[in-house]
$ cat protein-v7.tsv   # TSV, C-alpha atoms
chain	number	residue	atom	x	y	z
A	2	MET	CA	70.24	103.04	86.87
A	3	ALA	CA	73.06	104.42	88.97
A	4	LEU	CA	75.73	101.90	89.91
A	5	VAL	CA	75.17	102.52	93.63
A	6	ASP	CA	71.60	101.31	93.09
A	7	LYS	CA	72.60	98.32	90.97
A	8	TYR	CA	75.04	97.21	93.68
A	9	LYS	CA	72.97	98.59	96.58
A	10	GLU	CA	73.35	95.52	98.81
A	11	LEU	CA	77.10	95.61	98.34
A	12	VAL	CA	77.32	99.37	98.83
A	13	ASP	CA	75.30	99.17	102.06
A	14	LEU	CA	77.60	96.48	103.47
A	15	ALA	CA	80.64	98.49	102.35
A	16	ARG	CA	79.41	101.65	104.08
A	17	GLN	CA	78.65	99.73	107.29
A	18	ASN	CA	82.31	98.74	107.31
A	19	ASN	CA	83.72	102.17	106.43
A	20	VAL	CA	84.81	101.04	102.99
A	21	LEU	CA	85.23	103.96	100.60
A	22	VAL	CA	82.51	104.03	97.94
A	23	ASN	CA	83.32	106.12	94.89
A	24	GLU	CA	81.28	106.25	91.71
A	25	SER	CA	83.37	107.97	89.07
A	26	GLY	CA	81.93	107.78	85.59
A	27	LYS	CA	81.28	104.25	84.45
A	28	VAL	CA	82.99	102.39	87.29
A	29	LEU	CA	81.99	102.03	90.95
A	30	LYS	CA	84.99	101.63	93.23
A	31	LEU	CA	84.89	100.06	96.67
A	32	ASP	CA	88.15	100.43	98.51
A	33	GLY	CA	89.06	99.67	102.07
A	34	VAL	CA	89.89	97.38	104.95
A	35	VAL	CA	87.21	95.24	106.55
A	36	PRO	CA	87.43	93.73	110.05
A	37	SER	CA	87.11	90.07	109.07
A	38	ALA	CA	87.48	87.66	106.18
A	39	SER	CA	83.80	86.79	106.46
A	40	VAL	CA	82.82	90.37	105.56
A	41	LYS	CA	85.18	90.33	102.60
A	42	ASN	CA	83.88	86.95	101.42
A	43	LYS	CA	80.31	88.15	101.86
A	44	MET	CA	81.05	91.15	99.63
A	45	TRP	CA	82.48	88.92	96.88
A	46	GLU	CA	79.49	86.63	97.23
A	47	ILE	CA	77.07	89.55	96.71
A	48	TYR	CA	79.13	90.84	93.77
A	49	GLN	CA	79.03	87.45	92.08
A	50	ARG	CA	75.31	87.09	92.71
A	51	ILE	CA	74.63	90.44	90.97
A	52	ASP	CA	77.14	89.84	88.17
A	53	PRO	CA	77.75	86.04	87.99
A	54	GLN	CA	80.54	86.10	85.41
A	55	PHE	CA	81.99	89.53	86.20
A	56	LYS	CA	81.06	90.74	82.74
A	57	SER	CA	79.59	94.16	83.55
A	58	ASN	CA	83.03	95.78	83.85
A	59	ASP	CA	81.54	98.46	86.09
A	60	LEU	CA	82.73	97.54	89.58
A	61	LEU	CA	86.09	97.39	91.32
A	62	LEU	CA	86.04	95.61	94.65
A	63	ASN	CA	89.33	96.08	96.43
A	64	VAL	CA	88.77	95.12	100.04
A	65	LYS	CA	91.38	93.68	102.33
A	66	THR	CA	90.95	91.98	105.66
A	67	ALA	CA	92.56	93.73	108.60
A	68	VAL	CA	95.64	91.90	109.85
A	69	SER	CA	98.72	92.99	111.73
A	70	ASP	CA	102.23	91.57	111.73
A	71	GLY	CA	102.43	88.50	113.93
A	72	GLY	CA	98.78	87.66	113.21
A	73	LYS	CA	97.53	84.28	112.03
A	74	VAL	CA	96.52	83.63	108.42
A	75	LYS	CA	94.82	80.64	106.86
A	76	VAL	CA	95.89	79.09	103.55
A	77	VAL	CA	92.89	79.34	101.22
A	78	THR	CA	94.03	77.76	97.96
A	79	LYS	CA	91.40	75.93	95.87
A	80	GLU	CA	92.95	72.51	96.22
A	81	SER	CA	96.71	72.70	95.77
A	82	ARG	CA	99.37	73.48	98.31
A	83	LEU	CA	100.62	77.06	98.55
A	84	ASN	CA	104.16	77.81	97.48
A	85	ILE	CA	106.39	79.57	99.96
A	86	ARG	CA	109.07	81.43	98.06
A	87	LYS	CA	112.46	82.90	98.84
A	88	GLY	CA	111.47	86.37	97.70
A	89	PRO	CA	108.32	88.29	96.73
A	90	GLY	CA	107.65	87.08	93.17
A	91	THR	CA	106.71	83.95	91.22
A	92	ASP	CA	110.17	84.07	89.66
A	93	GLN	CA	111.66	83.35	93.09
A	94	PRO	CA	112.66	79.79	94.09
A	95	ILE	CA	110.21	77.76	96.15
A	96	VAL	CA	111.51	77.13	99.66
A	97	GLY	CA	108.49	75.34	101.07
A	98	LYS	CA	104.80	74.50	100.75
A	99	ALA	CA	101.85	75.17	103.00
A	100	GLU	CA	98.85	72.82	103.03
A	101	LYS	CA	95.40	74.10	102.18
A	102	GLY	CA	93.67	75.02	105.45
A	103	ASP	CA	96.94	75.45	107.36
A	104	ILE	CA	97.07	78.31	109.81
A	105	ILE	CA	100.42	80.04	109.64
A	106	THR	CA	101.95	83.26	110.93
A	107	LEU	CA	102.21	86.56	109.08
A	108	ILE	CA	105.62	88.07	109.80
A	109	SER	CA	105.22	91.19	107.65
A	110	LYS	CA	103.79	92.42	104.36
A	111	ALA	CA	106.33	92.98	101.60
A	112	ASN	CA	103.55	94.64	99.60
A	113	ASP	CA	99.84	94.15	98.88
A	114	GLN	CA	100.55	91.02	96.83
A	115	TRP	CA	103.34	89.30	98.77
A	116	TRP	CA	103.44	88.55	102.49
A	117	LEU	CA	106.35	87.14	104.48
A	118	VAL	CA	105.11	84.20	106.54
A	119	ARG	CA	106.37	81.48	108.87
A	120	ASP	CA	104.81	78.05	108.46
A	121	ASN	CA	104.29	75.48	111.18
A	122	ASP	CA	107.67	73.86	110.51
A	123	GLY	CA	109.36	77.19	111.18
A	124	GLU	CA	110.06	77.74	107.48
A	125	GLU	CA	109.99	81.41	106.46
A	126	GLY	CA	109.26	82.81	103.03
A	127	TYR	CA	106.87	84.76	100.85
A	128	CYS	CA	103.35	83.75	99.82
A	129	TYR	CA	100.88	85.34	97.43
A	130	ALA	CA	98.51	87.29	99.66
A	131	GLN	CA	95.32	86.36	97.81
A	132	TYR	CA	95.71	82.82	99.09
A	133	LEU	CA	96.06	83.92	102.69
A	134	GLU	CA	93.03	84.82	104.75
A	135	PRO	CA	93.55	86.63	108.03
A	136	ILE	CA	91.75	85.04	110.97
A	137	GLN	CA	90.66	86.59	114.21
B	43	MET	CA	99.44	190.25	88.82
B	44	LYS	CA	96.58	190.13	86.36
B	45	VAL	CA	98.88	188.85	83.66
B	46	PHE	CA	100.23	186.18	85.97
B	47	ARG	CA	96.68	185.07	86.90
B	48	LEU	CA	95.75	184.90	83.23
B	49	VAL	CA	98.82	182.87	82.39
B	50	SER	CA	98.26	180.46	85.24
B	51	MET	CA	94.60	180.05	84.19
B	52	PHE	CA	95.72	179.22	80.65
B	53	THR	CA	98.24	176.78	82.03
B	54	LEU	CA	95.50	175.15	84.08
B	55	ILE	CA	93.14	174.88	81.11
B	56	LEU	CA	95.95	173.53	78.97
B	57	ALA	CA	96.89	170.98	81.61
B	58	LEU	CA	93.29	169.85	82.07
B	59	GLY	CA	92.86	169.71	78.33
B	60	ILE	CA	95.90	167.57	77.84
B	61	GLY	CA	94.87	165.46	80.80
B	62	ALA	CA	91.37	164.94	79.42
B	63	SER	CA	92.57	164.19	75.92
B	64	SER	CA	95.20	161.71	77.19
B	65	CYS	CA	92.38	159.89	79.06
B	66	LYS	CA	90.46	159.44	75.85
B	67	LYS	CA	93.49	158.16	74.01
B	68	VAL	CA	93.64	154.74	75.74
B	69	ASN	CA	94.61	152.37	72.99
B	70	ASP	CA	92.80	149.03	73.32
B	71	ALA	CA	95.47	147.31	71.28
B	72	ASP	CA	98.16	148.40	73.75
B	73	VAL	CA	96.10	147.23	76.70
B	74	GLN	CA	95.44	143.93	74.97
B	75	LYS	CA	99.12	143.44	74.22
B	76	ALA	CA	100.12	144.18	77.81
B	77	ALA	CA	97.44	141.85	79.17
B	78	GLN	CA	98.40	139.03	76.83
B	79	GLU	CA	102.06	139.39	77.80
B	80	THR	CA	101.21	139.26	81.48
B	81	LEU	CA	99.15	136.11	80.98
B	82	ALA	CA	101.83	134.50	78.83
B	83	ALA	CA	104.31	134.83	81.71
B	84	ASN	CA	102.34	132.19	83.62
B	85	PRO	CA	102.45	128.69	82.05
B	86	ASP	CA	99.09	127.84	83.66
B	87	LEU	CA	97.52	130.64	81.63
B	88	ALA	CA	99.13	129.72	78.31
B	89	GLY	CA	95.75	128.72	76.85
B	90	VAL	CA	94.12	132.08	77.60
B	91	VAL	CA	93.43	134.59	74.82
B	92	VAL	CA	92.52	138.16	75.77
B	93	THR	CA	90.83	140.70	73.51
B	94	VAL	CA	90.21	144.29	74.60
B	95	GLN	CA	87.54	146.59	73.25
B	96	ASP	CA	86.58	149.92	74.87
B	97	GLN	CA	88.74	148.88	77.82
B	98	VAL	CA	86.61	145.78	78.39
B	99	ALA	CA	88.78	142.66	78.37
B	100	THR	CA	87.28	139.37	77.19
B	101	LEU	CA	89.00	136.12	78.13
B	102	THR	CA	88.55	133.05	75.94
B	103	GLY	CA	90.36	129.74	75.74
B	104	VAL	CA	90.96	126.83	78.08
B	105	VAL	CA	92.29	126.49	81.63
B	106	MET	CA	92.70	123.39	83.78
B	107	ASP	CA	90.51	124.34	86.75
B	108	ASP	CA	88.18	126.91	88.32
B	109	ALA	CA	90.93	128.45	90.45
B	110	THR	CA	93.04	129.16	87.36
B	111	LYS	CA	89.99	130.62	85.63
B	112	ALA	CA	89.42	133.02	88.54
B	113	TYR	CA	93.12	133.83	88.73
B	114	ALA	CA	93.24	134.78	85.04
B	115	GLU	CA	90.29	137.11	85.56
B	116	SER	CA	91.74	138.85	88.61
B	117	THR	CA	95.10	139.21	86.90
B	118	VAL	CA	93.59	141.07	83.94
B	119	ALA	CA	91.09	143.01	86.09
B	120	GLY	CA	93.97	144.42	88.10
B	121	MET	CA	95.72	145.85	85.06
B	122	GLU	CA	95.85	149.51	84.15
B	123	ASN	CA	93.16	150.80	81.77
B	124	VAL	CA	91.02	147.68	82.10
B	125	LYS	CA	87.51	148.69	83.20
B	126	SER	CA	86.00	145.24	83.41
B	127	VAL	CA	86.60	141.63	82.43
B	128	VAL	CA	84.26	139.23	80.62
B	129	ASN	CA	85.39	135.75	81.62
B	130	GLU	CA	84.46	133.21	78.95
B	131	LEU	CA	87.22	130.75	79.85
B	132	GLU	CA	86.40	127.09	79.60
B	133	VAL	CA	87.57	124.69	82.30
B	134	VAL	CA	88.94	121.43	80.88
B	135	PRO	CA	90.82	119.25	83.37
B	136	PRO	CA	94.03	117.75	81.90
B	137	ALA	CA	94.00	114.08	80.97
B	138	PRO	CA	95.55	112.11	83.82
B	139	ASP	CA	98.90	110.42	83.29
B	140	PHE	CA	98.59	106.65	83.72
B	141	THR	CA	102.21	105.77	82.96
B	142	ALA	CA	103.06	104.95	86.59
B	143	VAL	CA	99.74	103.15	87.20
B	144	ASP	CA	100.20	100.96	84.12
B	145	ALA	CA	103.78	100.14	85.10
B	146	ALA	CA	102.71	99.10	88.61
B	147	ILE	CA	99.90	96.90	87.29
B	148	ASN	CA	102.14	95.31	84.66
B	149	ALA	CA	104.78	94.57	87.29
B	150	ALA	CA	102.24	92.74	89.48
B	151	LEU	CA	100.35	91.08	86.63
B	152	ALA	CA	102.74	88.18	86.00
B	153	ASP	CA	102.29	86.91	89.55
B	154	ALA	CA	98.51	87.38	89.43
B	155	LEU	CA	98.22	85.40	86.18
B	156	LYS	CA	100.69	82.69	87.15
B	157	ASP	CA	98.00	80.11	87.91
B	158	HIS	CA	95.83	81.15	84.96
B	159	GLU	CA	97.84	80.25	81.89
B	160	THR	CA	94.92	80.49	79.46
B	161	VAL	CA	94.30	84.14	80.37
B	162	THR	CA	95.97	87.07	78.65
B	163	ALA	CA	95.82	90.60	80.05
B	164	ALA	CA	96.60	93.95	78.43
B	165	VAL	CA	96.96	97.18	80.40
B	166	GLN	CA	96.23	100.65	79.06
B	167	ASP	CA	95.39	103.82	81.02
B	168	GLY	CA	94.87	101.76	84.16
B	169	VAL	CA	92.36	99.47	82.45
B	170	ILE	CA	93.07	95.73	82.50
B	171	THR	CA	91.52	93.95	79.51
B	172	LEU	CA	91.25	90.18	79.77
B	173	THR	CA	91.11	87.80	76.84
B	174	GLY	CA	91.35	84.03	76.54
B	175	GLU	CA	89.41	81.49	78.52
B	176	ILE	CA	88.94	80.41	82.09
B	177	ARG	CA	87.09	77.78	84.08
B	178	GLU	CA	84.10	79.22	85.88
B	179	ARG	CA	85.36	78.19	89.31
B	180	ASP	CA	88.70	79.92	88.77
B	181	LEU	CA	87.11	83.19	87.69
B	182	PRO	CA	86.38	84.61	91.17
B	183	VAL	CA	89.95	83.80	92.26
B	184	LEU	CA	91.39	85.64	89.27
B	185	MET	CA	89.03	88.59	89.70
B	186	GLU	CA	89.98	88.96	93.34
B	187	LYS	CA	93.67	89.03	92.43
B	188	LEU	CA	93.15	91.61	89.69
B	189	ASN	CA	90.87	93.86	91.75
B	190	ALA	CA	93.66	94.05	94.32
B	191	LEU	CA	96.04	95.60	91.77
B	192	ASN	CA	94.26	98.99	91.94
B	193	PRO	CA	93.21	99.23	88.29
B	194	GLU	CA	90.83	101.90	86.96
B	195	GLN	CA	88.64	99.24	85.39
B	196	ILE	CA	88.68	95.56	84.49
B	197	VAL	CA	87.22	94.65	81.11
B	198	ASN	CA	86.44	90.96	81.11
B	199	ASN	CA	86.32	89.49	77.60
B	200	LEU	CA	87.11	85.99	78.83
B	201	THR	CA	85.29	82.96	77.57
B	202	VAL	CA	83.99	81.24	80.68
B	203	LYS	CA	83.94	77.48	80.39

$ encode --input "protein-v7.tsv" --output "structure tokens"
Amino acid sequence: MALVDKYKELVDLARQNNVLVNESGKVLKLDGVVPSASVKNKMWEIYQRIDPQFKSNDLLLNVKTAVSDGGKVKVVTKESRLNIRKGPGTDQPIVGKAEKGDIITLISKANDQWWLVRDNDGEEGYCYAQYLEPIQ
Amino acid sequence: MKVFRLVSMFTLILALGIGASSCKKVNDADVQKAAQETLAANPDLAGVVVTVQDQVATLTGVVMDDATKAYAESTVAGMENVKSVVNELEVVPPAPDFTAVDAAINAALADALKDHETVTAAVQDGVITLTGEIRERDLPVLMEKLNALNPEQIVNNLTVK
């Protein structure tokens, strides 16, 4: 079975949102920016339903939620508080913490992994982007 | 006058004769050598071997794409004393270089794995291979982080607890 058929539900949702779908050899790649975090979360939900433990090794789902500098982002850690660091890297000193569920401000993106943010106390620093969910 | 006409006729016959015989004397080996030298001047065509028989050039060997294959053919076809070209070149794309991709993934990997101490990752040719163990509820979080690093593939050999 072709991978686009195996992941049909995911591929359909990806195409509706102009996410690039590319089947090259043994891996299906979905790459792009989706308009909201709910679309991104929905895609991960479908992926996990088709491959519960991510053991097929045949899909790459790299979707980001659209957000511009100055936009609001929500802290989406599992349970702990999110470290705000002096620079973009886990080797950088922690300058503050953001609570789970906090809505803070994105100042700019240092790169895909690290975003410069300002928390509600006015503290500025870098957070790991996977724990920040852009909100509309 | 008669003598002159006779002489000029002989000259003409002689010239034609020489001309005709020189046409027949095309040496395939010379043509082959010239063609091979021309191809060798272009690094893209280094894998091309040309053999010439009865002024028909046959191309064998490997090139990186269809455009190079066509270019090799037109280059040889345009050469003197080549009547036609048999293009038997094989197109084999070069293996991509993942050095930069691996370096970028490795640089970002430490941060991605920071909260997952029981997970080990190895990177080769853009493929991230995971070993170790992880709690089931942490797995989607880790996968989302790793998918964002632009790998070619993620091979998950983790024991899920």

$ atom_distance --input "protein-v7.tsv" --atom1 "CA of Val124 (chain B)" --atom2 "CA of Asp70 (chain B)"
9.1 Å

$ closest_residue --input "protein-v7.tsv" --among "A:Met2, A:Ile104, A:Leu11, A:Val64" --to "Pro36 (chain A)" --atoms "all atoms listed in the file"
A:Val64

$ interface_residues --input "protein-v7.tsv" --of "chain A" --to "chain B" --cutoff "8 Å" --atoms "only C-alpha atoms" --output "list in words"
Val28, Gln49, Gln54, Phe55, Lys56, Ser57, Asn58, Asp59, Leu60, Leu61, Leu62, Asn63, Val64, Gly90, Thr91, Asp113, Gln114 and Gln131 of chain A

$ residues_around --input "protein-v7.tsv" --residues "Gly97 (chain A)" --least-positions-apart "6" --cutoff "7 Å" --atoms "only C-alpha atoms" --output "ChimeraX atom specification"
/A:84-86

$ atom_distance --input "protein-v7.tsv" --atom1 "CA of Val169 (chain B)" --atom2 "CA of Thr66 (chain A)"
24.4 Å

$ residues_near_point --input "protein-v7.tsv" --point "(80.6, 94.1, 97.7)" --cutoff "7 Å" --atoms "all atoms listed in the file" --output "ChimeraX atom specification"
/A:11-12,14-15,44-45,47-48,62

$ atom_distance --input "protein-v7.tsv" --atom1 "CA of Ser25 (chain A)" --atom2 "CA of Glu10 (chain A)"
18.7 Å

$ closest_residue --input "protein-v7.tsv" --among "A:Ile136, A:Leu21, A:Leu107, A:Ala38" --to "Gly71 (chain A)" --atoms "only C-alpha atoms"
A:Leu107

$ residues_around --input "protein-v7.tsv" --residues "region 74-78 of chain B" --least-positions-apart "4" --cutoff "12 Å" --atoms "only C-alpha atoms" --output "VMD selection string"
chain B and resid 68 to 70 82 to 84 87 to 102 114 to 124 127

$ residues_around --input "protein-v7.tsv" --residues "Gly123 (chain A)" --least-positions-apart "2" --cutoff "12 Å" --atoms "only C-alpha atoms" --output "PyMOL selection string"
chain A and resi 85+96-99+105-108+118-121+125-126

$ decode --input "protein-v7.tsv" --residues "region 165-183 of chain B" --atoms "C-alpha atoms" --output "PDB file, in the first residue's frame"
ATOM      1  CA  VAL B 165      22.393  10.524  13.356  1.00  0.00           C
ATOM      2  CA  GLN B 166      23.609   9.185  10.027  1.00  0.00           C
ATOM      3  CA  ASP B 167      22.738  10.403   6.512  1.00  0.00           C
ATOM      4  CA  GLY B 168      19.917  12.504   7.924  1.00  0.00           C
ATOM      5  CA  VAL B 169      18.357   9.522   9.706  1.00  0.00           C
ATOM      6  CA  ILE B 170      17.791   9.803  13.453  1.00  0.00           C
ATOM      7  CA  THR B 171      17.856   6.399  15.163  1.00  0.00           C
ATOM      8  CA  LEU B 172      16.417   6.259  18.670  1.00  0.00           C
ATOM      9  CA  THR B 173      17.342   3.716  21.306  1.00  0.00           C
ATOM     10  CA  GLY B 174      16.626   3.441  25.013  1.00  0.00           C
ATOM     11  CA  GLU B 175      13.263   3.735  26.680  1.00  0.00           C
ATOM     12  CA  ILE B 176      10.510   6.257  27.106  1.00  0.00           C
ATOM     13  CA  ARG B 177       7.193   6.616  28.887  1.00  0.00           C
ATOM     14  CA  GLU B 178       4.282   6.344  26.488  1.00  0.00           C
ATOM     15  CA  ARG B 179       2.935   9.786  27.337  1.00  0.00           C
ATOM     16  CA  ASP B 180       6.286  11.437  26.624  1.00  0.00           C
ATOM     17  CA  LEU B 181       6.647   9.782  23.228  1.00  0.00           C
ATOM     18  CA  PRO B 182       4.458  12.198  21.207  1.00  0.00           C
ATOM     19  CA  VAL B 183       6.299  15.167  22.755  1.00  0.00           C
TER      20      VAL B 183
END
